[in-house]
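Shown next: upload34.csv, given as CSV, C-alpha atoms and all ligand atoms.
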```
chain,number,residue,atom,x,y,z
A,1,MET,CA,-91.5,25.7,-17.8
A,2,PRO,CA,-87.9,26.3,-16.4
A,3,GLN,CA,-86.5,29.7,-17.6
A,4,PRO,CA,-83.0,29.6,-19.3
A,5,PRO,CA,-80.3,31.1,-17.1
A,6,VAL,CA,-79.7,34.9,-17.6
A,7,SER,CA,-76.4,35.7,-19.2
A,8,ARG,CA,-74.1,38.3,-17.5
A,9,ARG,CA,-74.6,40.5,-20.6
A,10,GLN,CA,-78.4,40.3,-20.3
A,11,PHE,CA,-78.1,41.0,-16.6
A,12,ASN,CA,-75.9,44.1,-17.1
A,13,ALA,CA,-78.3,45.4,-19.8
A,14,ALA,CA,-81.3,45.0,-17.5
A,15,ALA,CA,-79.5,46.7,-14.6
A,16,ALA,CA,-78.5,49.6,-16.8
A,17,CYS,CA,-82.1,50.0,-18.0
A,18,LEU,CA,-83.4,50.0,-14.4
A,19,ALA,CA,-80.8,52.5,-13.3
A,20,GLY,CA,-82.0,54.8,-16.1
A,21,ALA,CA,-85.7,54.3,-15.2
A,22,ALA,CA,-85.4,54.9,-11.5
A,23,PRO,CA,-84.7,58.7,-11.7
A,24,ALA,CA,-87.4,59.0,-14.3
A,25,LEU,CA,-89.9,57.2,-12.1
A,26,LEU,CA,-88.9,59.4,-9.1
A,27,LEU,CA,-89.2,62.5,-11.3
A,28,GLY,CA,-92.7,61.4,-12.3
A,29,ALA,CA,-93.8,61.0,-8.7
A,30,ALA,CA,-92.4,64.4,-7.8
A,31,THR,CA,-94.2,66.1,-10.7
A,32,ALA,CA,-97.5,64.6,-9.7
A,33,GLN,CA,-96.9,65.7,-6.1
A,34,THR,CA,-96.0,69.3,-6.9
A,35,ARG,CA,-98.9,69.8,-9.3
A,36,THR,CA,-101.4,72.1,-7.8
A,37,VAL,CA,-104.8,70.5,-8.1
A,38,LEU,CA,-107.6,72.9,-8.9
A,39,ARG,CA,-111.1,71.4,-8.4
A,40,ILE,CA,-113.9,73.4,-10.0
A,41,SER,CA,-117.6,72.9,-9.2
A,42,THR,CA,-120.5,74.6,-10.9
A,43,PRO,CA,-124.3,74.0,-11.2
A,44,ALA,CA,-124.1,75.1,-14.9
A,45,VAL,CA,-125.2,72.6,-17.5
A,46,PRO,CA,-122.5,71.5,-20.0
A,47,ASP,CA,-123.8,73.5,-22.9
A,48,ASP,CA,-123.9,76.9,-21.1
A,49,TRP,CA,-121.2,79.4,-21.7
A,50,HIS,CA,-120.2,79.6,-18.1
A,51,ALA,CA,-119.7,75.8,-18.1
A,52,ARG,CA,-117.7,75.8,-21.3
A,53,MET,CA,-115.5,78.7,-20.1
A,54,TRP,CA,-113.8,76.4,-17.6
A,55,THR,CA,-112.2,74.4,-20.5
A,56,VAL,CA,-110.8,77.7,-21.7
A,57,LEU,CA,-109.3,78.3,-18.3
A,58,LYS,CA,-107.9,74.8,-18.2
A,59,GLU,CA,-106.3,75.0,-21.7
A,60,GLN,CA,-104.9,78.4,-21.0
A,61,LEU,CA,-103.2,77.2,-17.8
A,62,GLU,CA,-101.9,74.1,-19.5
A,63,ALA,CA,-100.3,76.3,-22.2
A,64,SER,CA,-98.9,79.0,-19.8
A,65,SER,CA,-97.7,76.6,-17.1
A,66,PRO,CA,-97.2,73.1,-18.4
A,67,GLY,CA,-97.3,70.5,-15.7
A,68,GLU,CA,-97.9,73.0,-12.9
A,69,PHE,CA,-101.7,72.7,-12.5
A,70,GLU,CA,-104.1,69.8,-12.6
A,71,VAL,CA,-107.6,71.3,-13.4
A,72,GLN,CA,-110.6,69.1,-12.6
A,73,ILE,CA,-113.9,70.4,-13.9
A,74,HIS,CA,-117.2,69.2,-12.3
A,75,LEU,CA,-120.4,70.4,-14.0
A,76,ALA,CA,-124.1,70.4,-13.3
A,77,GLY,CA,-123.6,70.4,-9.5
A,78,SER,CA,-122.0,66.9,-9.6
A,79,LEU,CA,-119.4,67.8,-7.0
A,80,PHE,CA,-121.1,70.4,-4.8
A,81,LYS,CA,-124.7,71.5,-4.7
A,82,GLN,CA,-125.6,75.0,-5.9
A,83,GLY,CA,-124.9,77.5,-3.2
A,84,THR,CA,-122.6,75.3,-1.1
A,85,GLU,CA,-119.5,76.3,-3.0
A,86,PRO,CA,-118.4,79.1,-0.7
A,87,ALA,CA,-118.4,76.8,2.3
A,88,ALA,CA,-116.5,74.1,0.3
A,89,LEU,CA,-113.9,76.7,-0.7
A,90,ALA,CA,-113.4,78.0,2.8
A,91,ARG,CA,-113.0,74.5,4.2
A,92,GLY,CA,-110.4,73.6,1.5
A,93,ASN,CA,-112.5,71.0,-0.3
A,94,LEU,CA,-112.7,73.1,-3.5
A,95,GLU,CA,-110.3,75.5,-5.1
A,96,LEU,CA,-112.3,77.3,-7.9
A,97,ALA,CA,-115.9,78.3,-8.5
A,98,SER,CA,-118.1,80.9,-10.0
A,99,ILE,CA,-120.3,82.3,-7.3
A,100,SER,CA,-123.1,84.9,-7.4
A,101,ALA,CA,-123.7,88.2,-5.6
A,102,PHE,CA,-126.5,86.2,-3.7
A,103,ASP,CA,-123.9,83.7,-2.4
A,104,ILE,CA,-121.6,86.5,-1.3
A,105,ALA,CA,-124.4,88.6,0.3
A,106,ARG,CA,-124.9,85.9,2.9
A,107,GLN,CA,-121.5,86.8,4.4
A,108,VAL,CA,-120.9,90.3,3.1
A,109,PRO,CA,-124.4,91.8,3.4
A,110,GLU,CA,-123.5,95.1,1.6
A,111,PHE,CA,-123.0,92.9,-1.5
A,112,SER,CA,-126.7,92.4,-1.6
A,113,VAL,CA,-127.0,95.7,-3.5
A,114,PHE,CA,-126.2,93.6,-6.6
A,115,THR,CA,-129.0,91.2,-5.9
A,116,ALA,CA,-131.5,94.0,-6.2
A,117,GLY,CA,-133.5,94.3,-9.4
A,118,TYR,CA,-132.6,97.2,-11.8
A,119,THR,CA,-129.4,98.2,-10.0
A,120,LEU,CA,-127.1,97.6,-12.9
A,121,ARG,CA,-128.1,99.1,-16.3
A,122,ASP,CA,-126.5,96.7,-18.7
A,123,PRO,CA,-123.5,94.4,-19.2
A,124,GLN,CA,-121.1,97.3,-19.9
A,125,HIS,CA,-122.2,99.0,-16.7
A,126,GLN,CA,-121.7,95.8,-14.8
A,127,GLN,CA,-118.1,95.3,-16.1
A,128,LYS,CA,-117.2,98.9,-15.3
A,129,VAL,CA,-118.5,98.7,-11.8
A,130,PHE,CA,-116.7,95.5,-10.9
A,131,ASN,CA,-113.5,96.3,-12.7
A,132,GLY,CA,-113.3,99.7,-11.1
A,133,PRO,CA,-112.9,101.2,-7.6
A,134,ILE,CA,-116.3,99.9,-6.3
A,135,GLY,CA,-115.4,96.3,-7.2
A,136,GLU,CA,-111.9,96.7,-5.8
A,137,GLU,CA,-113.3,97.9,-2.4
A,138,LEU,CA,-116.0,95.3,-2.1
A,139,PHE,CA,-113.7,92.4,-3.3
A,140,ARG,CA,-111.3,93.3,-0.5
A,141,ARG,CA,-114.0,92.7,2.0
A,142,VAL,CA,-115.0,89.5,0.3
A,143,THR,CA,-111.4,88.2,0.7
A,144,GLU,CA,-111.3,89.3,4.4
A,145,ARG,CA,-114.6,87.7,5.3
A,146,MET,CA,-114.9,84.7,3.1
A,147,ASP,CA,-111.3,83.4,2.6
A,148,ILE,CA,-111.7,83.6,-1.2
A,149,VAL,CA,-110.0,85.8,-3.8
A,150,PRO,CA,-112.2,87.1,-6.7
A,151,LEU,CA,-110.3,86.9,-10.0
A,152,ALA,CA,-112.8,88.0,-12.6
A,153,THR,CA,-116.4,89.0,-13.1
A,154,LEU,CA,-118.5,87.3,-15.8
A,155,TYR,CA,-121.7,88.4,-17.4
A,156,LEU,CA,-124.3,85.7,-16.8
A,157,GLY,CA,-126.9,87.5,-18.8
A,158,THR,CA,-130.0,89.6,-18.2
A,159,ARG,CA,-132.7,87.7,-16.3
A,160,GLN,CA,-136.2,87.3,-17.9
A,161,VAL,CA,-139.3,85.4,-16.7
A,162,THR,CA,-140.5,82.4,-18.6
A,163,LEU,CA,-144.0,81.0,-18.1
A,164,ARG,CA,-145.4,77.5,-18.3
A,165,GLU,CA,-148.8,78.8,-19.5
A,166,PRO,CA,-149.2,82.0,-21.4
A,167,ARG,CA,-150.8,85.0,-19.7
A,168,ALA,CA,-151.1,88.7,-20.3
A,169,VAL,CA,-148.3,90.4,-18.3
A,170,ARG,CA,-148.0,94.2,-18.3
A,171,THR,CA,-147.3,95.0,-14.7
A,172,PRO,CA,-146.2,93.2,-11.5
A,173,ALA,CA,-149.9,92.9,-10.6
A,174,ASP,CA,-150.3,90.4,-13.5
A,175,LEU,CA,-147.8,88.0,-11.8
A,176,LYS,CA,-149.9,87.8,-8.6
A,177,GLY,CA,-150.4,84.2,-7.4
A,178,LEU,CA,-147.9,82.9,-10.0
A,179,LYS,CA,-145.5,80.3,-8.5
A,180,LEU,CA,-142.2,81.7,-9.7
A,181,ARG,CA,-139.2,79.5,-8.9
A,182,MET,CA,-136.2,81.3,-7.4
A,183,PRO,CA,-132.9,79.8,-6.0
A,184,GLY,CA,-133.4,79.2,-2.3
A,185,THR,CA,-131.9,82.2,-0.4
A,186,LYS,CA,-133.7,85.1,1.2
A,187,GLU,CA,-132.3,87.7,-1.3
A,188,TRP,CA,-133.5,85.6,-4.3
A,189,LEU,CA,-136.9,85.1,-2.8
A,190,PHE,CA,-137.2,88.8,-2.0
A,191,LEU,CA,-136.5,89.6,-5.7
A,192,GLY,CA,-139.2,87.1,-6.8
A,193,GLU,CA,-141.7,88.7,-4.5
A,194,ALA,CA,-140.7,92.2,-5.5
A,195,LEU,CA,-141.6,91.2,-9.1
A,196,GLY,CA,-145.2,90.6,-7.9
A,197,ALA,CA,-145.1,86.7,-7.9
A,198,THR,CA,-145.2,84.0,-5.2
A,199,ALA,CA,-141.5,83.1,-4.9
A,200,THR,CA,-140.9,79.4,-4.6
A,201,PRO,CA,-137.4,78.2,-3.6
A,202,MET,CA,-135.8,75.4,-5.7
A,203,ALA,CA,-132.4,74.3,-6.8
A,204,PHE,CA,-131.5,74.9,-10.5
A,205,GLY,CA,-131.2,71.2,-11.2
A,206,GLU,CA,-134.9,70.6,-10.4
A,207,VAL,CA,-136.4,73.4,-12.5
A,208,TYR,CA,-136.9,71.5,-15.7
A,209,LEU,CA,-138.9,68.7,-14.2
A,210,ALA,CA,-140.9,71.2,-12.0
A,211,LEU,CA,-141.9,73.1,-15.1
A,212,LYS,CA,-142.8,70.0,-16.9
A,213,THR,CA,-145.0,68.6,-14.1
A,214,GLY,CA,-146.5,72.0,-13.1
A,215,THR,CA,-145.0,72.2,-9.6
A,216,ILE,CA,-144.1,75.7,-10.5
A,217,ASP,CA,-145.6,78.1,-13.0
A,218,ALA,CA,-142.5,80.1,-14.0
A,219,GLN,CA,-138.8,80.6,-13.6
A,220,ASP,CA,-136.4,83.4,-14.2
A,221,ASN,CA,-133.0,83.1,-15.9
A,222,PRO,CA,-131.0,84.7,-18.7
A,223,LEU,CA,-132.2,83.4,-22.1
A,224,PRO,CA,-128.9,81.6,-23.1
A,225,THR,CA,-129.4,79.6,-19.9
A,226,VAL,CA,-133.1,78.9,-20.9
A,227,ARG,CA,-131.7,77.5,-24.1
A,228,ALA,CA,-128.8,75.5,-22.6
A,229,ALA,CA,-131.0,74.0,-19.8
A,230,LYS,CA,-133.8,73.4,-22.4
A,231,PHE,CA,-136.4,75.3,-20.4
A,232,HIS,CA,-137.9,76.3,-23.7
A,233,GLU,CA,-139.2,72.8,-24.0
A,234,VAL,CA,-141.3,73.2,-20.9
A,235,THR,CA,-142.4,76.9,-21.1
A,236,ARG,CA,-144.6,78.7,-23.6
A,237,GLN,CA,-143.9,82.4,-23.0
A,238,VAL,CA,-141.0,84.7,-22.3
A,239,VAL,CA,-141.8,88.0,-20.5
A,240,LEU,CA,-138.9,90.4,-21.1
A,241,THR,CA,-138.8,92.0,-17.6
A,242,SER,CA,-135.0,92.4,-17.8
A,243,HIS,CA,-135.0,92.7,-14.0
A,244,LEU,CA,-131.5,91.7,-13.2
A,245,VAL,CA,-128.2,92.2,-15.1
A,246,ASP,CA,-126.7,89.1,-13.5
A,247,GLY,CA,-123.1,88.2,-13.0
A,248,LEU,CA,-120.9,85.6,-11.4
A,249,PHE,CA,-117.4,85.9,-9.9
A,250,ILE,CA,-114.7,83.5,-10.5
A,251,VAL,CA,-113.1,83.0,-7.1
A,252,VAL,CA,-110.2,80.9,-5.8
A,253,SER,CA,-109.9,79.8,-2.2
A,254,SER,CA,-107.4,81.8,-0.2
A,255,LYS,CA,-105.7,78.5,0.8
A,256,ALA,CA,-104.9,77.7,-2.8
A,257,TRP,CA,-104.0,81.3,-3.6
A,258,ASN,CA,-101.6,81.6,-0.7
A,259,ALA,CA,-99.8,78.4,-1.7
A,260,MET,CA,-99.1,79.8,-5.1
A,261,ASN,CA,-96.0,81.9,-6.1
A,262,ALA,CA,-96.4,85.2,-7.8
A,263,ALA,CA,-96.0,83.8,-11.3
A,264,GLN,CA,-98.6,81.2,-10.8
A,265,ARG,CA,-101.1,83.7,-9.4
A,266,GLN,CA,-100.6,85.9,-12.4
A,267,LYS,CA,-101.1,83.0,-14.8
A,268,LEU,CA,-104.3,81.9,-13.0
A,269,ARG,CA,-105.7,85.4,-13.1
A,270,ALA,CA,-104.9,85.6,-16.8
A,271,ALA,CA,-106.6,82.3,-17.4
A,272,ALA,CA,-109.7,83.4,-15.4
A,273,GLN,CA,-109.9,86.6,-17.5
A,274,ALA,CA,-109.6,84.6,-20.7
A,275,ALA,CA,-112.5,82.3,-19.5
A,276,VAL,CA,-114.6,85.4,-18.8
A,277,ALA,CA,-113.8,86.9,-22.1
A,278,PHE,CA,-114.9,83.7,-23.9
A,279,ASN,CA,-118.1,83.6,-21.8
A,280,ASN,CA,-119.0,87.3,-22.2
A,281,GLU,CA,-118.4,87.4,-25.9
A,282,ASN,CA,-120.4,84.3,-26.7
A,283,ARG,CA,-123.2,85.1,-24.3
A,284,LEU,CA,-123.7,88.6,-25.6
A,285,LYS,CA,-123.7,87.3,-29.2
A,286,GLU,CA,-126.3,84.7,-28.2
A,287,GLU,CA,-128.5,87.1,-26.3
A,288,ALA,CA,-128.6,89.3,-29.5
A,289,GLN,CA,-130.1,86.4,-31.5
A,290,ILE,CA,-132.0,84.3,-29.0
A,291,VAL,CA,-135.4,85.8,-29.1
A,292,GLU,CA,-135.7,84.7,-32.7
A,293,PHE,CA,-134.6,81.1,-31.7
A,294,LEU,CA,-137.2,81.0,-28.9
A,295,ARG,CA,-139.9,82.2,-31.3
A,296,GLN,CA,-139.0,79.5,-33.7
A,297,GLN,CA,-139.4,77.0,-30.8
A,298,GLY,CA,-143.0,78.2,-30.5
A,299,LEU,CA,-142.7,80.5,-27.5
A,300,GLN,CA,-144.5,83.8,-27.3
A,301,VAL,CA,-142.1,86.6,-26.5
A,302,THR,CA,-143.8,89.6,-24.9
A,303,THR,CA,-142.5,92.9,-23.5
A,304,PRO,CA,-144.3,94.2,-20.4
A,305,ASP,CA,-144.3,97.8,-19.0
A,306,VAL,CA,-140.7,97.5,-17.8
A,307,GLU,CA,-141.0,100.9,-16.1
A,308,SER,CA,-143.8,99.7,-13.8
A,309,PHE,CA,-141.7,96.6,-12.9
A,310,ARG,CA,-138.7,98.9,-12.2
A,311,ARG,CA,-140.8,101.2,-10.0
A,312,ALA,CA,-142.3,98.3,-8.0
A,313,VAL,CA,-139.0,96.5,-7.5
A,314,GLN,CA,-137.2,99.7,-6.4
A,315,GLN,CA,-140.0,100.6,-4.0
A,316,ALA,CA,-139.9,97.1,-2.5
A,317,TYR,CA,-136.2,97.4,-1.8
A,318,ALA,CA,-136.3,100.9,-0.4
A,319,GLY,CA,-136.7,100.6,3.3
A,320,SER,CA,-136.3,96.8,3.2
A,321,GLU,CA,-134.1,95.0,5.7
A,322,ILE,CA,-131.9,94.0,2.7
A,323,ALA,CA,-131.3,97.6,1.8
A,324,ARG,CA,-130.3,98.6,5.3
A,325,ALA,CA,-127.0,96.7,4.8
A,326,TRP,CA,-126.0,99.0,1.9
A,327,PRO,CA,-123.5,101.6,2.9
A,328,PRO,CA,-124.9,105.2,2.4
A,329,GLY,CA,-124.2,106.5,-1.0
A,330,LEU,CA,-123.3,103.1,-2.6
A,331,VAL,CA,-126.4,103.0,-4.9
A,332,ASP,CA,-125.6,106.5,-6.1
A,333,ARG,CA,-122.0,105.7,-6.7
A,334,ILE,CA,-123.0,102.6,-8.7
A,335,ALA,CA,-125.4,104.6,-10.8
A,336,ALA,CA,-122.8,107.3,-11.4
A,337,VAL,CA,-120.4,104.8,-13.1
A,338,ARG,CA,-120.6,105.5,-16.9
B,401,LIG,C1,-130.4,79.9,-11.1
B,401,LIG,O1,-130.4,78.9,-10.2
B,401,LIG,O2,-131.4,80.3,-11.6
B,401,LIG,C2,-129.0,80.4,-11.5
B,401,LIG,O3,-129.2,81.2,-12.7
B,401,LIG,C3,-128.5,81.3,-10.3
B,401,LIG,C4,-127.0,81.7,-10.6
B,401,LIG,O4,-126.5,82.5,-9.5
B,401,LIG,C5,-126.2,80.5,-10.9
B,401,LIG,O5,-126.0,79.7,-9.8
B,401,LIG,C6,-126.8,79.7,-12.1
B,401,LIG,O6,-128.1,79.4,-11.7
B,401,LIG,C7,-126.0,78.4,-12.3
B,401,LIG,O7,-124.7,78.7,-12.6
B,401,LIG,C8,-126.7,77.6,-13.4
B,401,LIG,O8,-126.7,78.3,-14.7
```
Could I get this file's structure written as structure tokens?
Ligand code: KDO
Amino acid sequence: MPQPPVSRRQFNAAAACLAGAAPALLLGAATAQTRTVLRISTPAVPDDWHARMWTVLKEQLEASSPGEFEVQIHLAGSLFKQGTEPAALARGNLELASISAFDIARQVPEFSVFTAGYTLRDPQHQQKVFNGPIGEELFRRVTERMDIVPLATLYLGTRQVTLREPRAVRTPADLKGLKLRMPGTKEWLFLGEALGATATPMAFGEVYLALKTGTIDAQDNPLPTVRAAKFHEVTRQVVLTSHLVDGLFIVVSSKAWNAMNAAQRQKLRAAAQAAVAFNNENRLKEEAQIVEFLRQQGLQVTTPDVESFRRAVQQAYAGSEIARAWPPGLVDRIAAVR
């Protein structure tokens, strides 16, 4: 159908409209371009506290620096596989992650002191060590050697062993022959063997099915993670070995960090600390109640002779190749933190 001719008035109105829109469009493009994209990857399942904490970080950044950051959260290992985050950060394919002492130990061997069972006493000890001079010293080396900047240390929980089939467990000898899943690095496997079991490497995302089908007999994790990943559905006993006060470090790639101004860095650090506070508070609260929940789910909860586990684990590390990387006096300095 032929269109009626456009009157001069209509033409002028349209032109004025466009003239107004153009700067706005350009401004939109500039905003999108100058926004710092922060990609986050974690193996954590959505319902775990260290997955949910990323939303806290995102919301805090949106409030403190509107329009400056675009935070993209990828959970359950959907962007990078567990353990590959440090390489992705160093290559500039990832900006933020929460990595473990085990990940760091591969490039900063002295950090493996925190992969050893029974090194840290409890969550308070952990926070004091990493937020004090020892943390400062070691984090400097992490930045130098890994091109990442640690921002905050979160409490992942105290690791316990859960079994597919119940058995009497008093000492490490009672775990002999048991296929205990551990994440796949040498430091993790060493810990599993030190507990007396046969350590079997496997990624976190495969554990549920492996327990269900019997590929493995047991796994170790903090109990809030057992609940969040639903391992209680496929295990029948919890053995309270408390062998590792575990943590994760929120890190940003040096590339992203160096591209930020001082104010942005300060806001990102504050947001990471808020995320850690959310995680720590909720996780501690849950750890205090979770044994009851697991009992209600039909699991047996047993306490072994923890001293015999501690002795065996500490003996296994003493004189090991792993412990040779620890600077003299570091274990004593850690123990002396009160
Ligand atoms: C696990 O694979 O057992 C582990 O607990 C190891 C941790 O270092 C961390 O990677 C964690 O998984 C994931 O964040 C999933 O909770």
Residues of chain A within 7 Å of ligand LIG 401 (chain B): nearest atom pair and distance (Å, one decimal) for each, counting all atoms listed in the file, sorted by chain and number, as CSV?
```
residue,atom,partner,partner_atom,distance
A:Thr42,CA,B:LIG401,O7,6.1
A:Pro43,CA,B:LIG401,C7,4.8
A:Ala44,CA,B:LIG401,C8,3.9
A:Val45,CA,B:LIG401,O8,6.5
A:Gln82,CA,B:LIG401,O5,6.1
A:Ile99,CA,B:LIG401,O4,6.6
A:Ser100,CA,B:LIG401,O4,4.7
A:Phe102,CA,B:LIG401,O4,6.9
A:Met182,CA,B:LIG401,O2,6.5
A:Pro183,CA,B:LIG401,O1,5.0
A:Ala203,CA,B:LIG401,O1,6.1
A:Phe204,CA,B:LIG401,O1,4.2
A:Asp220,CA,B:LIG401,O2,6.4
A:Asn221,CA,B:LIG401,O3,5.3
A:Thr225,CA,B:LIG401,O8,6.0
A:Leu248,CA,B:LIG401,O4,6.7
```
### Query
Mind pulling up the distance from CA of Gly298 in chain A to CA of Arg52 in chain A?
27.0 Å
### Query
At what distance in Å, to one decimal, does CA of Leu294 in chain A lie from CA of His232 in chain A?
7.0 Å
### Query
Can you tell me how far CA of Leu240 in chain A sits from CA of Arg338 in chain A, in Å to one decimal?
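Separating CA of Leu240 in chain A from CA of Arg338 in chain A is a distance of 24.1 Å.
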#### Entry: Selection near Glu59 in chain A, 12 Å with all atoms listed in the file, sequence-local residues under 3 positions removed, as a PyMOL selection string
chain A and resi 52-56+62-67+69-73+267-268+270-272+274-275
### Message
Using only C-alpha atoms for the distances, tell me which of A:Thr153, A:Ser98, A:Ser242, A:Thr171 is nearest to Asp305 in chain A.
### Response
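Nearest candidate to Asp305 in chain A out of A:Thr153, A:Ser98, A:Ser242, A:Thr171: A:Thr171.
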### Task
Between A:Val331, A:Ala199, A:Met260, A:Ala76, single out the one closest to Arg35 in chain A, counting only C-alpha atoms.
A:Met260
### Message
Considering all atoms listed in the file, can you say which of A:Leu178, A:Ala51, A:Ala116, A:Leu195 comes closest to Glu307 in chain A?
### Response
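Of A:Leu178, A:Ala51, A:Ala116, A:Leu195, the one nearest Glu307 in chain A is A:Leu195, counting all atoms listed in the file.
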### Task
Name all residues at most 7 Å from Glu95 in chain A (count only C-alpha atoms; drop same-chain ones fewer than 2 positions away) and give them as a list in words.
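Selected residues are Leu38, Arg39, Ile40, Leu89, Gly92, Asn93, Val252, Ser253 and Ala256 of chain A.
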### Message
Taking 5 positions as the minimum chain separation for residues in the same chain, which residues sit within 9 Å of Phe80 in chain A when counting all atoms listed in the file? Answer as a PyMOL selection string.
### Response
chain A and resi 41-43+74+85+88+94
Taking the block just given, write range 93-104 of chain A to a file that holds N, CA, C and O atoms, as a PDB file, in the first residue's frame.
```
ATOM      1  N   ASN A  93      41.388 -16.242  30.596  1.00  0.00           N
ATOM      2  CA  ASN A  93      40.072 -16.756  30.199  1.00  0.00           C
ATOM      3  C   ASN A  93      39.061 -16.724  31.349  1.00  0.00           C
ATOM      4  O   ASN A  93      37.911 -17.134  31.185  1.00  0.00           O
ATOM      5  N   LEU A  94      39.518 -16.304  32.501  1.00  0.00           N
ATOM      6  CA  LEU A  94      38.674 -16.300  33.705  1.00  0.00           C
ATOM      7  C   LEU A  94      39.196 -15.173  34.598  1.00  0.00           C
ATOM      8  O   LEU A  94      40.401 -14.923  34.631  1.00  0.00           O
ATOM      9  N   GLU A  95      38.277 -14.511  35.321  1.00  0.00           N
ATOM     10  CA  GLU A  95      38.738 -13.404  36.163  1.00  0.00           C
ATOM     11  C   GLU A  95      38.704 -13.742  37.656  1.00  0.00           C
ATOM     12  O   GLU A  95      39.564 -13.304  38.402  1.00  0.00           O
ATOM     13  N   LEU A  96      37.689 -14.524  38.085  1.00  0.00           N
ATOM     14  CA  LEU A  96      37.547 -14.802  39.522  1.00  0.00           C
ATOM     15  C   LEU A  96      37.289 -16.286  39.758  1.00  0.00           C
ATOM     16  O   LEU A  96      36.603 -16.933  38.962  1.00  0.00           O
ATOM     17  N   ALA A  97      37.810 -16.808  40.869  1.00  0.00           N
ATOM     18  CA  ALA A  97      37.523 -18.203  41.234  1.00  0.00           C
ATOM     19  C   ALA A  97      37.803 -18.363  42.724  1.00  0.00           C
ATOM     20  O   ALA A  97      38.402 -17.488  43.360  1.00  0.00           O
ATOM     21  N   SER A  98      37.349 -19.492  43.272  1.00  0.00           N
ATOM     22  CA  SER A  98      37.737 -19.825  44.647  1.00  0.00           C
ATOM     23  C   SER A  98      38.555 -21.110  44.544  1.00  0.00           C
ATOM     24  O   SER A  98      38.020 -22.153  44.191  1.00  0.00           O
ATOM     25  N   ILE A  99      39.851 -20.994  44.781  1.00  0.00           N
ATOM     26  CA  ILE A  99      40.723 -22.158  44.573  1.00  0.00           C
ATOM     27  C   ILE A  99      41.254 -22.651  45.914  1.00  0.00           C
ATOM     28  O   ILE A  99      41.243 -21.932  46.912  1.00  0.00           O
ATOM     29  N   SER A 100      41.735 -23.895  45.920  1.00  0.00           N
ATOM     30  CA  SER A 100      42.112 -24.510  47.192  1.00  0.00           C
ATOM     31  C   SER A 100      43.626 -24.487  47.393  1.00  0.00           C
ATOM     32  O   SER A 100      44.400 -24.217  46.458  1.00  0.00           O
ATOM     33  N   ALA A 101      44.047 -24.831  48.604  1.00  0.00           N
ATOM     34  CA  ALA A 101      45.483 -24.952  48.903  1.00  0.00           C
ATOM     35  C   ALA A 101      46.101 -26.021  47.995  1.00  0.00           C
ATOM     36  O   ALA A 101      47.275 -25.925  47.631  1.00  0.00           O
ATOM     37  N   PHE A 102      45.295 -27.013  47.625  1.00  0.00           N
ATOM     38  CA  PHE A 102      45.791 -28.096  46.770  1.00  0.00           C
ATOM     39  C   PHE A 102      46.101 -27.558  45.369  1.00  0.00           C
ATOM     40  O   PHE A 102      47.085 -27.937  44.751  1.00  0.00           O
ATOM     41  N   ASP A 103      45.231 -26.662  44.879  1.00  0.00           N
ATOM     42  CA  ASP A 103      45.468 -26.041  43.565  1.00  0.00           C
ATOM     43  C   ASP A 103      46.739 -25.191  43.617  1.00  0.00           C
ATOM     44  O   ASP A 103      47.545 -25.199  42.686  1.00  0.00           O
ATOM     45  N   ILE A 104      46.891 -24.446  44.708  1.00  0.00           N
ATOM     46  CA  ILE A 104      48.033 -23.534  44.826  1.00  0.00           C
ATOM     47  C   ILE A 104      49.333 -24.317  44.982  1.00  0.00           C
ATOM     48  O   ILE A 104      50.361 -23.963  44.399  1.00  0.00           O
TER      49      ILE A 104
END
```
